[in-house]
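Undergrad: Have a look at the structure that comes next, please.
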Amino acid sequence: AYEELLQYRSMASFSADGCAIEIAGNIGKPEDVDMVLNAGGDGVGLFRTEFLYMGRQELPSEEEQFQAYKNVLEKMQGKPTIVRTLDIGGDKHLPYLKLPAEMNPFLGYRAIRISLTQHDIFREQLRALLRAGVYGHLKIMFPMIATLDEFLRAKAILLEEQQHLKNNGYLVAENIEIGIMIEIPSAAIIADIFAKEVDFFSIGTNDLIQYTLAADRMNENVSYLYQPYHPAVLRLIKNVIVAAHQQGKWVGMCGEMAADEIAIPILLGLGLNEFSMSASSILKTRAHIAKLSKQQSKLHIERILLLSTADEVKEYVKRHLISP
Ligand code: PEP
Ligand code: MG
């Protein structure tokens with residue numbers, strides 16, 4: 001079966017009825033980009049930059065980061081590469097960044113919340129990114145955005161650094177698209193408002209599911225509540241995609257759900273533009289989508305969104321949308 005999958009390496013990503021989509025890879029370390037390229041990924045949908053900061057005793061310098069981002073962008077040869085700014089806190093910690101112990105780390109001081117208070121770290125990362133952007137097709141996104149104000153503040157800082165670099169004679173990428181992760185229900189619900197301000201969305205279902213069902217994504221005892229096909233999750237995702245498309249904006253998904261064989265026909269029918277996943281899932285997903293009709297999936301969306309439970313959704317998709 002692997003031989004069969006290999007034929008998809010050099011193919012573009014299309015549904016059975018000829019609709020183009022993008023299948024991209026998620027990376028942590030810059031080296032991971034090789035696996036995405038080997039699988040014929042259409043881009044990088046999520047570069048989790050926290051790995052550049054972890055497993056060491058001091059902050060990576062701007063220069064070090066610049067080299068890492070440049071390296072990835074050059075290897076991607078013009079394919080879109082979405083870099084997420086630092087998403088530390090929650091379960092991820094840095095020895096040199098003392099964070100207070102918290103009762104609820106996943107509801108606490110993490111990601112953009114840290115970036116918007118510890119400006120030095122944020123600005124340094126943004127400078128490295130803006131300089132590296134010259135070497136490829138860079139898009140920047142902010143993690144854990146809950147309010148419009150957070151996005152506007154983060155974007156203002158980015159534009160300030162861009163101007164500052166230019167004033168100092170640096171070559172910087174000019175028209176970088178700036179987007180947000182949709183991984184907090186508040187952002188998913190007011191996606192129409194965000195859609196007027198951002199260039200793109202990427203739906204982070206790993207967190208979106210845990211926050212929607214109030215079920216810790218790492219707690220075995222509540223894992224039964226961690227339901228990607230829960231109608232509430234699907235309705236949030238639909239809301240995000242519809243809002244984005246109404247403003248002519250692009251939507252990707254970089255949570256595990258993007259590689260889930262039951263979720264894929266639903267996401268395709270909803271019009272998701274990009275599916276981003278670990279490199280090892282790219283070929284399998286491209287083969288799966290090549291056998292699905294987007295039009296057909298679209299016809300079933302209304303009914304799927306009226307179902308009551310995750311199990312009903314799963315049964316429905318298996319019966320109507322996935323050929324045996
Ligand atoms: C997500 O939350 O879906 C996501 C992609 O980010 P992470 O898994 O790094 O939290
Ligand atoms: Mg997340």
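Ligands are numbered from 1 in the order shown, residues from 1 within each chain, and chains are lettered A, B, ... in the order they appear in the structure tokens.
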If the limit is 9 Å from any atom of ligand 1, counting only C-alpha atoms and all ligand atoms, which residues qualify? Return them as a list in words.
TA: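 Checked against 9 Å with only C-alpha atoms and all ligand atoms; the hits are Asn26, Leu46, Arg48, Glu50, Asp87, Gly90, Pro143, Met144, Met181, Ile182, Glu183, Ile184, Ser202, Ile203, Gly204, Thr205, Asn206, Asp207, Leu208, Ile209, Gln210, Met253, Cys254, Gly255, Glu256, Met257, Ser276 and Met277 of chain A.
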Undergrad: Given only C-alpha atoms as the basis, pick out the residue of A:Ala1, A:Ala290, A:Val44, A:Leu126 nearest to Glu62 in chain A.
TA: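 Closest to Glu62 in chain A of all the choices is A:Leu126.
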Undergrad: Report as a count of residues only: the residues of range 132-275 of chain A with a DSSP assignment of helix (DSSP H, G or I), based on the backbone of this structure.
TA: 77
Undergrad: Just list the residues in range 104-143 of chain A DSSP gives strand (DSSP E) on the backbone, as number ranges by chain.
TA: A: 137-142
Undergrad: For a quick check of understanding, using only C-alpha atoms and all ligand atoms, which of A:Pro265, A:Gly89, A:Gly136, A:Gly248 has the smallest distance to ligand 2?
TA: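 Nearest to ligand 2: A:Gly89.
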Undergrad: I'd like the neighbourhood of Glu197 in chain A as a ChimeraX atom specification, where a residue qualifies if any of its atoms comes within 9 Å (using only C-alpha atoms), though same-chain residues fewer than 3 positions away should be ignored.
TA: /A:148,151-152,179,193-194
Undergrad: Set the distance at 10 Å and use only C-alpha atoms: which residues neighbour Ala195 in chain A once local chain neighbours fewer than 6 positions away are removed? I'd like the list as a PDB file with C-alpha atoms, in the first residue's frame.
TA:
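Output (result21.pdb):
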```
ATOM      1  CA  GLY A 179      -2.839  35.612  10.578  1.00  0.00           C
ATOM      2  CA  ILE A 180      -4.032  34.024  13.764  1.00  0.00           C
ATOM      3  CA  PHE A 201      -6.838  31.841   9.860  1.00  0.00           C
ATOM      4  CA  VAL A 240     -14.785  30.208  11.053  1.00  0.00           C
ATOM      5  CA  ILE A 241     -14.644  29.017   7.450  1.00  0.00           C
ATOM      6  CA  VAL A 242     -17.812  30.854   6.420  1.00  0.00           C
ATOM      7  CA  ALA A 243     -16.655  34.081   8.090  1.00  0.00           C
ATOM      8  CA  ALA A 244     -13.249  33.886   6.430  1.00  0.00           C
ATOM      9  CA  HIS A 245     -14.640  33.199   2.978  1.00  0.00           C
ATOM     10  CA  GLN A 246     -17.146  36.023   3.270  1.00  0.00           C
ATOM     11  CA  GLN A 247     -14.160  38.340   3.520  1.00  0.00           C
ATOM     12  CA  GLY A 248     -12.235  36.485   0.832  1.00  0.00           C
ATOM     13  CA  LYS A 249      -9.753  35.142   3.378  1.00  0.00           C
ATOM     14  CA  TRP A 250      -7.964  31.799   3.413  1.00  0.00           C
TER      15      TRP A 250
END
```
Undergrad: CA of Glu174 in chain A and CA of Gly25 in chain A are how many Å apart?
TA: 24.5 Å
